[in-house]
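S.K.: This one is model_1.cif, mmCIF, C-alpha atoms and all ligand atoms.
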data_my_file
loop_
_atom_site.label_atom_id
_atom_site.label_comp_id
_atom_site.auth_asym_id
_atom_site.auth_seq_id
_atom_site.Cartn_x
_atom_site.Cartn_y
_atom_site.Cartn_z
CA MET A 1 26.73 -13.04 5.87
CA LYS A 2 29.12 -10.12 6.45
CA ASN A 3 27.95 -6.54 5.83
CA GLU A 4 30.32 -6.23 2.86
CA GLU A 5 28.69 -9.20 1.17
CA ILE A 6 25.16 -7.91 1.51
CA LEU A 7 26.24 -4.45 0.31
CA THR A 8 27.84 -6.05 -2.74
CA ARG A 9 24.64 -7.99 -3.37
CA ILE A 10 22.59 -4.77 -3.27
CA LYS A 11 25.02 -3.03 -5.61
CA ASN A 12 25.09 -5.93 -8.07
CA SER A 13 21.32 -6.34 -8.14
CA ILE A 14 21.00 -2.62 -8.96
CA VAL A 15 23.58 -2.90 -11.74
CA GLU A 16 21.72 -5.92 -13.11
CA GLY A 17 18.43 -4.03 -12.90
CA GLU A 18 16.88 -6.70 -10.67
CA SER A 19 14.32 -4.83 -8.57
CA GLU A 20 13.01 -7.85 -6.66
CA LYS A 21 16.49 -8.98 -5.66
CA THR A 22 17.36 -5.41 -4.69
CA ILE A 23 14.29 -5.16 -2.45
CA ASP A 24 15.12 -8.48 -0.77
CA ALA A 25 18.75 -7.54 -0.22
CA VAL A 26 17.96 -4.07 1.19
CA ASN A 27 15.35 -5.50 3.55
CA GLU A 28 17.82 -8.18 4.65
CA ALA A 29 20.52 -5.57 5.28
CA LEU A 30 18.17 -3.42 7.38
CA LYS A 31 17.04 -6.49 9.33
CA LYS A 32 20.67 -7.28 10.09
CA GLY A 33 21.05 -3.76 11.46
CA VAL A 34 23.26 -2.37 8.67
CA ASP A 35 23.15 1.44 8.89
CA TYR A 36 21.04 3.07 6.17
CA LYS A 37 23.91 5.46 5.36
CA ASP A 38 26.14 2.46 4.63
CA ILE A 39 23.45 0.97 2.42
CA LEU A 40 23.15 4.24 0.57
CA ASN A 41 26.81 5.12 0.18
CA GLY A 42 28.29 1.62 0.18
CA ALA A 43 25.83 0.03 -2.22
CA ILE A 44 23.18 2.20 -3.88
CA ILE A 45 25.37 5.13 -4.98
CA LYS A 46 28.14 2.74 -6.01
CA GLY A 47 25.60 0.81 -8.10
CA ALA A 48 24.42 4.03 -9.78
CA ILE A 49 27.99 5.03 -10.60
CA LYS A 50 28.71 1.60 -12.08
CA VAL A 51 25.58 1.77 -14.25
CA GLY A 52 26.65 5.21 -15.49
CA GLU A 53 30.10 3.85 -16.37
CA LEU A 54 28.63 0.90 -18.27
CA TYR A 55 26.37 3.29 -20.16
CA GLU A 56 29.32 5.52 -21.07
CA GLN A 57 31.29 2.48 -22.24
CA GLU A 58 28.30 1.55 -24.42
CA GLU A 59 27.99 -1.78 -22.67
CA TYR A 60 24.63 -0.62 -21.38
CA PHE A 61 21.85 1.03 -23.34
CA LEU A 62 18.91 3.15 -22.26
CA ALA A 63 16.79 0.07 -21.53
CA ASP A 64 19.46 -1.24 -19.12
CA MET A 65 19.67 2.16 -17.43
CA LEU A 66 15.87 2.20 -17.08
CA MET A 67 15.88 -1.21 -15.37
CA ALA A 68 18.69 -0.08 -13.09
CA GLY A 69 16.74 3.13 -12.41
CA ASP A 70 13.76 1.04 -11.29
CA ALA A 71 15.98 -1.01 -8.98
CA LEU A 72 17.53 2.20 -7.60
CA ASN A 73 14.06 3.60 -6.95
CA ALA A 74 12.96 0.38 -5.26
CA ALA A 75 15.96 0.54 -2.92
CA MET A 76 15.38 4.22 -2.13
CA ASN A 77 11.71 3.65 -1.39
CA ILE A 78 12.62 1.19 1.36
CA LEU A 79 15.29 3.45 2.80
CA LYS A 80 13.03 6.50 2.82
CA ASP A 81 11.15 5.02 5.80
CA SER A 82 14.41 4.99 7.76
CA PHE A 83 14.88 8.69 7.06
CA ILE A 84 11.32 9.57 8.09
CA GLU A 85 11.70 7.75 11.42
CA ILE A 86 14.34 10.20 12.61
CA SER A 87 12.01 13.16 12.09
CA GLU A 88 11.17 15.16 15.23
CA GLY A 89 10.44 18.66 16.52
CA ALA A 90 9.10 21.87 14.99
CA SER A 91 9.89 22.86 11.41
CA LYS A 92 13.44 24.13 11.00
CA GLY A 93 12.67 25.99 7.77
CA SER A 94 11.27 25.56 4.30
CA ILE A 95 12.74 24.32 1.05
CA LEU A 96 11.35 24.36 -2.45
CA ILE A 97 13.07 21.77 -4.60
CA GLY A 98 12.88 20.32 -8.09
CA THR A 99 14.88 18.95 -11.01
CA VAL A 100 15.26 21.60 -13.68
CA GLU A 101 13.49 21.63 -17.02
CA GLY A 102 14.61 19.04 -19.58
CA ASP A 103 15.99 16.70 -16.92
CA ILE A 104 13.91 13.80 -15.60
CA HIS A 105 16.45 12.37 -13.13
CA ASP A 106 14.75 12.49 -9.76
CA ILE A 107 16.13 9.68 -7.61
CA GLY A 108 18.82 11.82 -5.95
CA LYS A 109 16.46 14.76 -5.55
CA SER A 110 13.84 12.51 -3.93
CA LEU A 111 16.53 11.28 -1.55
CA ILE A 112 17.28 14.86 -0.52
CA VAL A 113 13.54 15.41 0.02
CA SER A 114 13.35 12.38 2.32
CA LEU A 115 16.44 13.41 4.26
CA LEU A 116 15.09 16.94 4.71
CA ASN A 117 11.69 15.63 5.79
CA GLY A 118 13.53 13.40 8.25
CA GLN A 119 15.25 16.45 9.70
CA ALA A 120 11.98 18.33 10.27
CA PHE A 121 12.16 20.76 7.35
CA ASP A 122 9.05 21.73 5.38
CA VAL A 123 9.68 20.54 1.84
CA ILE A 124 7.78 21.44 -1.29
CA ASP A 125 8.81 18.98 -3.99
CA LEU A 126 8.05 20.18 -7.51
CA GLY A 127 9.18 16.90 -9.10
CA SER A 128 11.33 16.79 -12.20
CA ASP A 129 11.46 18.63 -15.56
CA VAL A 130 10.39 21.85 -13.82
CA PRO A 131 10.36 25.04 -15.96
CA PRO A 132 11.91 28.21 -14.50
CA GLU A 133 8.49 29.92 -14.42
CA ILE A 134 7.11 27.24 -12.11
CA PHE A 135 10.00 27.71 -9.68
CA VAL A 136 9.17 31.42 -9.63
CA GLU A 137 5.41 30.88 -9.26
CA LYS A 138 5.84 28.41 -6.38
CA ALA A 139 8.52 30.54 -4.70
CA LYS A 140 6.07 33.47 -4.66
CA GLU A 141 3.39 31.21 -3.21
CA PHE A 142 5.45 29.43 -0.52
CA LYS A 143 8.24 31.95 0.24
CA PRO A 144 10.79 29.20 1.00
CA ASP A 145 14.01 29.89 2.91
CA VAL A 146 15.95 27.86 0.37
CA ILE A 147 15.40 26.80 -3.24
CA GLY A 148 17.16 23.61 -4.34
CA LEU A 149 17.79 22.93 -8.02
CA SER A 150 18.76 19.42 -9.02
CA GLY A 151 20.28 18.28 -12.32
CA LEU A 152 22.27 15.34 -13.67
CA LEU A 153 22.71 16.30 -17.28
CA THR A 154 25.45 18.64 -18.50
CA MET A 155 22.81 20.76 -20.21
CA SER A 156 21.03 21.19 -16.87
CA ILE A 157 23.65 23.69 -15.79
CA SER A 158 22.44 26.22 -18.36
CA LYS A 159 18.82 25.54 -17.36
CA MET A 160 19.80 26.12 -13.71
CA HIS A 161 21.36 29.39 -14.82
CA GLU A 162 18.17 30.40 -16.63
CA THR A 163 16.12 29.49 -13.55
CA ILE A 164 18.37 31.48 -11.23
CA LEU A 165 18.29 34.53 -13.53
CA LEU A 166 14.50 34.47 -13.55
CA LEU A 167 14.28 34.00 -9.77
CA ARG A 168 16.62 36.97 -9.24
CA LYS A 169 14.78 39.08 -11.83
CA GLU A 170 11.54 38.41 -9.95
CA GLU A 171 13.34 39.42 -6.73
CA ILE A 172 12.81 36.10 -4.98
CA PRO A 173 14.90 36.48 -1.79
CA SER A 174 15.38 32.73 -1.08
CA LYS A 175 18.93 31.32 -1.03
CA ILE A 176 19.61 28.99 -3.93
CA ILE A 177 21.56 25.73 -3.70
CA ILE A 178 22.27 23.56 -6.71
CA GLY A 179 22.97 19.82 -6.54
CA GLY A 180 23.43 16.72 -8.65
CA GLY A 181 26.15 14.92 -10.54
CA VAL A 182 27.01 17.78 -12.89
CA VAL A 183 27.53 20.60 -10.43
CA SER A 184 30.93 21.92 -9.41
CA LYS A 185 32.24 24.91 -7.45
CA ASN A 186 33.01 26.56 -10.78
CA SER A 187 29.56 26.08 -12.26
CA CYS A 188 28.04 27.20 -8.96
CA ALA A 189 29.92 30.51 -9.05
CA MET A 190 29.41 30.92 -12.78
CA ILE A 191 25.62 30.70 -12.65
CA GLY A 192 25.20 32.73 -9.47
CA ALA A 193 23.95 30.05 -7.05
CA ASP A 194 24.57 30.69 -3.35
CA ASP A 195 25.95 27.20 -2.80
CA CYS A 196 26.30 23.77 -4.34
CA ALA A 197 26.64 20.11 -3.35
CA LYS A 198 27.48 17.06 -5.38
CA ASP A 199 26.85 14.83 -2.40
CA GLY A 200 23.49 14.58 -0.64
CA TRP A 201 24.84 14.56 2.94
CA VAL A 202 27.01 17.59 2.28
CA GLY A 203 23.96 19.26 0.70
CA ILE A 204 21.86 18.67 3.81
CA LYS A 205 24.59 20.13 6.02
CA LYS A 206 24.82 23.18 3.79
CA ILE A 207 21.04 23.69 3.79
CA ASN A 208 21.06 23.48 7.61
CA LYS A 209 23.81 26.09 7.74
CA ILE A 210 22.17 28.43 5.21
CA ILE A 211 18.91 28.32 7.18
CA SER A 212 20.48 28.82 10.60
CA ASP A 213 22.57 31.74 9.23
CA THR A 214 19.44 33.28 7.64
CA LYS A 215 17.40 32.92 10.85
CA ARG A 216 20.24 34.48 12.87
CA GLY A 217 20.02 37.42 10.48
C1 LIG B 1 19.18 6.06 -13.32
C2 LIG B 1 19.64 6.95 -14.45
C3 LIG B 1 18.70 7.31 -15.42
C4 LIG B 1 17.21 6.98 -15.28
C5 LIG B 1 16.58 8.07 -14.38
C6 LIG B 1 15.41 7.57 -13.56
C7 LIG B 1 14.95 8.61 -12.57
N1 LIG B 1 13.65 8.57 -12.31
O1 LIG B 1 15.69 9.42 -12.03
C8 LIG B 1 16.76 7.08 -16.78
C9 LIG B 1 16.95 5.71 -17.40
C10 LIG B 1 15.33 7.55 -17.02
C11 LIG B 1 17.82 8.02 -17.35
C12 LIG B 1 17.66 8.74 -18.53
C13 LIG B 1 18.67 9.46 -19.13
N2 LIG B 1 19.96 9.54 -18.73
CO1 LIG B 1 20.57 8.91 -16.99
N3 LIG B 1 21.44 8.14 -15.51
C14 LIG B 1 21.00 7.40 -14.53
C15 LIG B 1 22.18 7.00 -13.61
C16 LIG B 1 22.63 5.60 -13.97
C17 LIG B 1 21.92 7.05 -12.11
C18 LIG B 1 21.34 8.37 -11.56
C19 LIG B 1 20.92 8.19 -10.13
O2 LIG B 1 19.75 8.03 -9.82
N4 LIG B 1 21.89 8.16 -9.17
C20 LIG B 1 21.64 7.87 -7.77
C21 LIG B 1 21.30 9.15 -7.02
C22 LIG B 1 21.06 8.83 -5.54
O3 LIG B 1 22.42 10.02 -7.15
P1 LIG B 1 22.29 11.53 -7.71
O4 LIG B 1 21.10 11.69 -8.55
O5 LIG B 1 23.60 11.96 -8.24
O6 LIG B 1 21.99 12.37 -6.39
C23 LIG B 1 22.95 12.57 -5.35
C24 LIG B 1 23.68 13.90 -5.48
O7 LIG B 1 23.86 14.31 -6.81
C25 LIG B 1 22.87 14.84 -4.64
N5 LIG B 1 21.80 15.66 -5.24
C26 LIG B 1 20.98 15.39 -6.27
N6 LIG B 1 20.11 16.37 -6.46
C27 LIG B 1 20.36 17.33 -5.54
C28 LIG B 1 19.77 18.56 -5.30
C29 LIG B 1 20.26 19.36 -4.28
C30 LIG B 1 19.62 20.68 -4.03
C31 LIG B 1 21.36 18.91 -3.49
C32 LIG B 1 21.87 19.76 -2.40
C33 LIG B 1 21.96 17.68 -3.74
C34 LIG B 1 21.46 16.89 -4.75
O8 LIG B 1 22.27 14.01 -3.66
C35 LIG B 1 22.19 12.65 -4.06
C36 LIG B 1 22.82 11.79 -2.98
O9 LIG B 1 24.17 12.02 -2.80
C37 LIG B 1 23.23 8.11 -14.01
C38 LIG B 1 24.68 7.74 -13.76
C39 LIG B 1 25.30 8.52 -12.64
N7 LIG B 1 26.54 8.23 -12.35
O10 LIG B 1 24.70 9.39 -12.03
C40 LIG B 1 22.88 8.33 -15.51
C41 LIG B 1 23.22 9.66 -16.17
C42 LIG B 1 22.92 10.83 -15.24
N8 LIG B 1 22.28 9.69 -17.30
C43 LIG B 1 22.78 10.17 -18.40
C44 LIG B 1 22.11 10.30 -19.64
C45 LIG B 1 22.95 10.72 -20.84
C46 LIG B 1 20.73 10.06 -19.75
C47 LIG B 1 19.86 10.24 -21.00
C48 LIG B 1 20.14 11.53 -21.82
C49 LIG B 1 20.02 8.98 -21.88
C50 LIG B 1 19.27 9.02 -23.20
N9 LIG B 1 20.01 8.81 -24.27
O11 LIG B 1 18.10 9.22 -23.29
C51 LIG B 1 18.44 10.25 -20.39
C52 LIG B 1 18.02 11.68 -19.99
C53 LIG B 1 16.56 11.87 -19.95
C54 LIG B 1 16.25 13.28 -19.42
N10 LIG B 1 15.71 14.11 -20.29
O12 LIG B 1 16.51 13.59 -18.28
C55 LIG B 1 24.24 10.60 -18.19
C56 LIG B 1 24.37 12.13 -18.11
C57 LIG B 1 25.61 12.63 -18.84
C58 LIG B 1 25.71 14.12 -18.77
N11 LIG B 1 26.70 14.59 -18.04
O13 LIG B 1 24.94 14.83 -19.39
C59 LIG B 1 24.63 9.80 -16.88
C60 LIG B 1 25.69 10.50 -15.99
C61 LIG B 1 25.15 8.40 -17.35
C62 LIG B 1 26.49 8.49 -18.02
N12 LIG B 1 27.58 8.29 -17.29
O14 LIG B 1 26.56 8.75 -19.20
N13 LIG B 1 18.95 8.00 -16.59
#
Please express what this file holds, its structure, as structure tokens.

M.R.:
Amino acid sequence: MKNEEILTRIKNSIVEGESEKTIDAVNEALKKGVDYKDILNGAIIKGAIKVGELYEQEEYFLADMLMAGDALNAAMNILKDSFIEISEGASKGSILIGTVEGDIHDIGKSLIVSLLNGQAFDVIDLGSDVPPEIFVEKAKEFKPDVIGLSGLLTMSISKMHETILLLRKEEIPSKIIIGGGVVSKNSCAMIGADDCAKDGWVGIKKINKIISDTKRG
């Protein structure tokens, strides 16, 4: 079976919310030596986008999205091991990350956590639906180099803003990067974040750059 075919199978099984089939197809792809980045970008993300479209077109309902979410999670859990394997060396820096209050989407954020762990960063994952006060409390405790705010809902932008305002008010010096489907350069500038990334790989590159710039002084 060609790579394209197995990637299509992964994507379709996610769209259909078939976790078992997704697990089988992802394992098969890895066994065949398909690169995990291709599995992620060429199948998993495409599947998530398709599910979102079907939901918008009212062909899918919340229950369908939940099943697809489970299949997405199942796929990510297998891939996470591939990210961890590339981990090596001393810690490059620390990141505190979470999905903002009112938003329970955490699949993309968990992906970022795995990628960062795989690149030898220290990551403190606060989970999802995290109130601004908790970001502040944990930032005081861990003094991270970077704080990452994730959000997929339109309303998450204003919650990110609230979180950033509180972090600044409390004089938390960490750089702040926002990420997730709803962010844009405009929203980033508007709410006072230091940087933003819609795409996970771009986000990781930006975090690397922020930290190396900070360490250089
Ligand atoms: C799966 C899913 C769910 C699952 C979530 C399960 C979970 N544990 O996360 C469930 C079913 C629970 C769910 C619920 C809801 N959902 Co939903 N969901 C999705 C769906 C289909 C896929 C999201 C996903 O996991 N994508 C895959 C991951 C890998 O991608 P990602 O999250 O975007 O992350 C990438 C980047 O954004 C980036 N990234 C993410 N975080 C961060 C952080 C940093 C710091 C950085 C640098 C980068 C970064 O890296 C990742 C890799 O590139 C999207 C559709 C879509 N196109 O996104 C809708 C979607 C996000 N959901 C939507 C809606 C409306 C809802 C509900 C309100 C529905 C309802 N009526 O109840 C609820 C919200 C509940 C809540 N309070 O949060 C809308 C949001 C519309 C909007 N703009 O506000 C979407 C866009 C669907 C749509 N097209 O209408 N959902």

S.K.: If the limit is 6 Å from any atom of ligand LIG 1 (chain B), counting all atoms listed in the file, which residues qualify? Return them as an MDAnalysis selection string.

M.R.: chainID A and resid 45 48:49 51:53 55:56 62 65:66 69 102:109 112 148:150 152:154 177:181 197:200 203

S.K.: Suppose we keep C-alpha atoms; can you now write the selection as a PDB file, in the frame of the given file?

M.R.:
ATOM      1  CA  ILE A  45      25.370   5.130  -4.980  1.00  0.00           C
ATOM      2  CA  ALA A  48      24.420   4.030  -9.780  1.00  0.00           C
ATOM      3  CA  ILE A  49      27.990   5.030 -10.600  1.00  0.00           C
ATOM      4  CA  VAL A  51      25.580   1.770 -14.250  1.00  0.00           C
ATOM      5  CA  GLY A  52      26.650   5.210 -15.490  1.00  0.00           C
ATOM      6  CA  GLU A  53      30.100   3.850 -16.370  1.00  0.00           C
ATOM      7  CA  TYR A  55      26.370   3.290 -20.160  1.00  0.00           C
ATOM      8  CA  GLU A  56      29.320   5.520 -21.070  1.00  0.00           C
ATOM      9  CA  LEU A  62      18.910   3.150 -22.260  1.00  0.00           C
ATOM     10  CA  MET A  65      19.670   2.160 -17.430  1.00  0.00           C
ATOM     11  CA  LEU A  66      15.870   2.200 -17.080  1.00  0.00           C
ATOM     12  CA  GLY A  69      16.740   3.130 -12.410  1.00  0.00           C
ATOM     13  CA  GLY A 102      14.610  19.040 -19.580  1.00  0.00           C
ATOM     14  CA  ASP A 103      15.990  16.700 -16.920  1.00  0.00           C
ATOM     15  CA  ILE A 104      13.910  13.800 -15.600  1.00  0.00           C
ATOM     16  CA  HIS A 105      16.450  12.370 -13.130  1.00  0.00           C
ATOM     17  CA  ASP A 106      14.750  12.490  -9.760  1.00  0.00           C
ATOM     18  CA  ILE A 107      16.130   9.680  -7.610  1.00  0.00           C
ATOM     19  CA  GLY A 108      18.820  11.820  -5.950  1.00  0.00           C
ATOM     20  CA  LYS A 109      16.460  14.760  -5.550  1.00  0.00           C
ATOM     21  CA  ILE A 112      17.280  14.860  -0.520  1.00  0.00           C
ATOM     22  CA  GLY A 148      17.160  23.610  -4.340  1.00  0.00           C
ATOM     23  CA  LEU A 149      17.790  22.930  -8.020  1.00  0.00           C
ATOM     24  CA  SER A 150      18.760  19.420  -9.020  1.00  0.00           C
ATOM     25  CA  LEU A 152      22.270  15.340 -13.670  1.00  0.00           C
ATOM     26  CA  LEU A 153      22.710  16.300 -17.280  1.00  0.00           C
ATOM     27  CA  THR A 154      25.450  18.640 -18.500  1.00  0.00           C
ATOM     28  CA  ILE A 177      21.560  25.730  -3.700  1.00  0.00           C
ATOM     29  CA  ILE A 178      22.270  23.560  -6.710  1.00  0.00           C
ATOM     30  CA  GLY A 179      22.970  19.820  -6.540  1.00  0.00           C
ATOM     31  CA  GLY A 180      23.430  16.720  -8.650  1.00  0.00           C
ATOM     32  CA  GLY A 181      26.150  14.920 -10.540  1.00  0.00           C
ATOM     33  CA  ALA A 197      26.640  20.110  -3.350  1.00  0.00           C
ATOM     34  CA  LYS A 198      27.480  17.060  -5.380  1.00  0.00           C
ATOM     35  CA  ASP A 199      26.850  14.830  -2.400  1.00  0.00           C
ATOM     36  CA  GLY A 200      23.490  14.580  -0.640  1.00  0.00           C
ATOM     37  CA  GLY A 203      23.960  19.260   0.700  1.00  0.00           C
TER      38      GLY A 203
END

S.K.: When you count only C-alpha atoms, which of these residues is closest to Trp201 (chain A): A:Ala25, A:Gly127, A:Gln119, A:Cys188?

M.R.: A:Gln119

S.K.: Please provide as a ChimeraX atom specification all residues within 6 Å of region 129-144 of chain A, with the sequence filter that same-chain residues fewer than 4 positions apart are discarded (counting all atoms listed in the file).

M.R.: /A:94-96,99-104,163,167

S.K.: So the first atom is CA of Gly47 (chain A) and the second is CA of Ser128 (chain A); what is the distance between them in Å, to one decimal place?

M.R.: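 Computing the Euclidean distance for CA of Gly47 (chain A) and CA of Ser128 (chain A) yields 21.8 Å.
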
S.K.: Show me the residues close to (15.4, 2.1, 9.1) - anything with an atom within 12 Å, counting all atoms listed in the file - and format the list as a list in words.

M.R.: Val26, Asn27, Glu28, Ala29, Leu30, Lys31, Lys32, Gly33, Val34, Asp35, Tyr36, Lys37, Asp38, Ile39, Leu40, Met76, Asn77, Ile78, Leu79, Lys80, Asp81, Ser82, Phe83, Ile84, Glu85, Ile86, Ser87 and Gly118 of chain A

S.K.: Once you've located region 119-204 of chain A in the structure I gave, write it as a tab-separated table (two decimals), in the first residue's frame, keeping C-alpha atoms.

M.R.:
chain	number	residue	atom	x	y	z
A	119	GLN	CA	13.32	18.75	22.07
A	120	ALA	CA	14.59	18.69	25.66
A	121	PHE	CA	12.56	21.59	27.07
A	122	ASP	CA	11.13	21.48	30.59
A	123	VAL	CA	7.37	21.67	30.17
A	124	ILE	CA	4.77	22.37	32.80
A	125	ASP	CA	1.39	21.46	31.32
A	126	LEU	CA	-1.55	23.03	33.15
A	127	GLY	CA	-4.12	21.18	31.03
A	128	SER	CA	-7.19	22.88	29.64
A	129	ASP	CA	-9.82	25.36	30.92
A	130	VAL	CA	-7.12	27.15	32.93
A	131	PRO	CA	-8.15	30.39	34.70
A	132	PRO	CA	-5.84	33.44	34.41
A	133	GLU	CA	-5.09	33.29	38.16
A	134	ILE	CA	-3.67	29.77	37.83
A	135	PHE	CA	-1.34	30.88	35.02
A	136	VAL	CA	-0.10	33.63	37.34
A	137	GLU	CA	0.25	31.35	40.37
A	138	LYS	CA	2.19	28.71	38.41
A	139	ALA	CA	4.33	31.31	36.65
A	140	LYS	CA	5.39	32.67	40.05
A	141	GLU	CA	6.18	29.14	41.20
A	142	PHE	CA	8.09	27.88	38.14
A	143	LYS	CA	9.48	31.11	36.60
A	144	PRO	CA	9.23	29.76	33.03
A	145	ASP	CA	11.12	31.34	30.13
A	146	VAL	CA	7.99	31.16	28.00
A	147	ILE	CA	4.26	30.94	28.69
A	148	GLY	CA	2.15	29.33	25.96
A	149	LEU	CA	-1.59	29.99	25.78
A	150	SER	CA	-3.68	27.71	23.61
A	151	GLY	CA	-7.23	28.30	22.36
A	152	LEU	CA	-9.51	27.07	19.59
A	153	LEU	CA	-12.66	29.02	20.26
A	154	THR	CA	-13.21	32.58	19.06
A	155	MET	CA	-14.06	33.61	22.61
A	156	SER	CA	-10.67	32.29	23.77
A	157	ILE	CA	-8.98	35.34	22.31
A	158	SER	CA	-10.58	37.60	24.93
A	159	LYS	CA	-9.69	35.09	27.66
A	160	MET	CA	-6.09	35.09	26.39
A	161	HIS	CA	-6.18	38.88	26.60
A	162	GLU	CA	-7.45	38.73	30.19
A	163	THR	CA	-4.72	36.22	31.06
A	164	ILE	CA	-1.99	38.35	29.49
A	165	LEU	CA	-3.23	41.49	31.28
A	166	LEU	CA	-3.10	39.70	34.62
A	167	LEU	CA	0.35	38.22	33.93
A	168	ARG	CA	1.68	41.69	33.03
A	169	LYS	CA	-0.04	43.29	36.03
A	170	GLU	CA	1.67	40.75	38.27
A	171	GLU	CA	4.97	41.60	36.52
A	172	ILE	CA	5.61	38.09	35.27
A	173	PRO	CA	8.67	38.56	33.00
A	174	SER	CA	8.15	35.41	30.84
A	175	LYS	CA	7.61	35.83	27.09
A	176	ILE	CA	4.10	34.92	26.01
A	177	ILE	CA	3.22	32.99	22.85
A	178	ILE	CA	-0.34	32.25	21.84
A	179	GLY	CA	-1.37	29.36	19.60
A	180	GLY	CA	-4.37	27.49	18.25
A	181	GLY	CA	-6.84	27.70	15.41
A	182	VAL	CA	-8.21	31.13	16.29
A	183	VAL	CA	-5.02	33.13	16.59
A	184	SER	CA	-3.79	35.55	13.95
A	185	LYS	CA	-1.06	38.19	13.72
A	186	ASN	CA	-3.73	40.81	14.34
A	187	SER	CA	-5.14	39.19	17.46
A	188	CYS	CA	-1.59	38.58	18.68
A	189	ALA	CA	-0.73	42.29	18.45
A	190	MET	CA	-4.12	43.37	19.75
A	191	ILE	CA	-3.90	41.40	23.00
A	192	GLY	CA	-0.23	42.10	23.66
A	193	ALA	CA	1.29	38.63	23.19
A	194	ASP	CA	4.97	38.50	22.24
A	195	ASP	CA	4.35	36.03	19.43
A	196	CYS	CA	1.79	33.68	17.93
A	197	ALA	CA	1.59	30.48	15.89
A	198	LYS	CA	-1.33	28.79	14.21
A	199	ASP	CA	0.83	25.85	13.29
A	200	GLY	CA	2.57	23.63	15.83
A	201	TRP	CA	5.90	23.31	13.98
A	202	VAL	CA	6.12	27.06	13.48
A	203	GLY	CA	5.28	27.48	17.17
A	204	ILE	CA	8.14	25.20	18.22
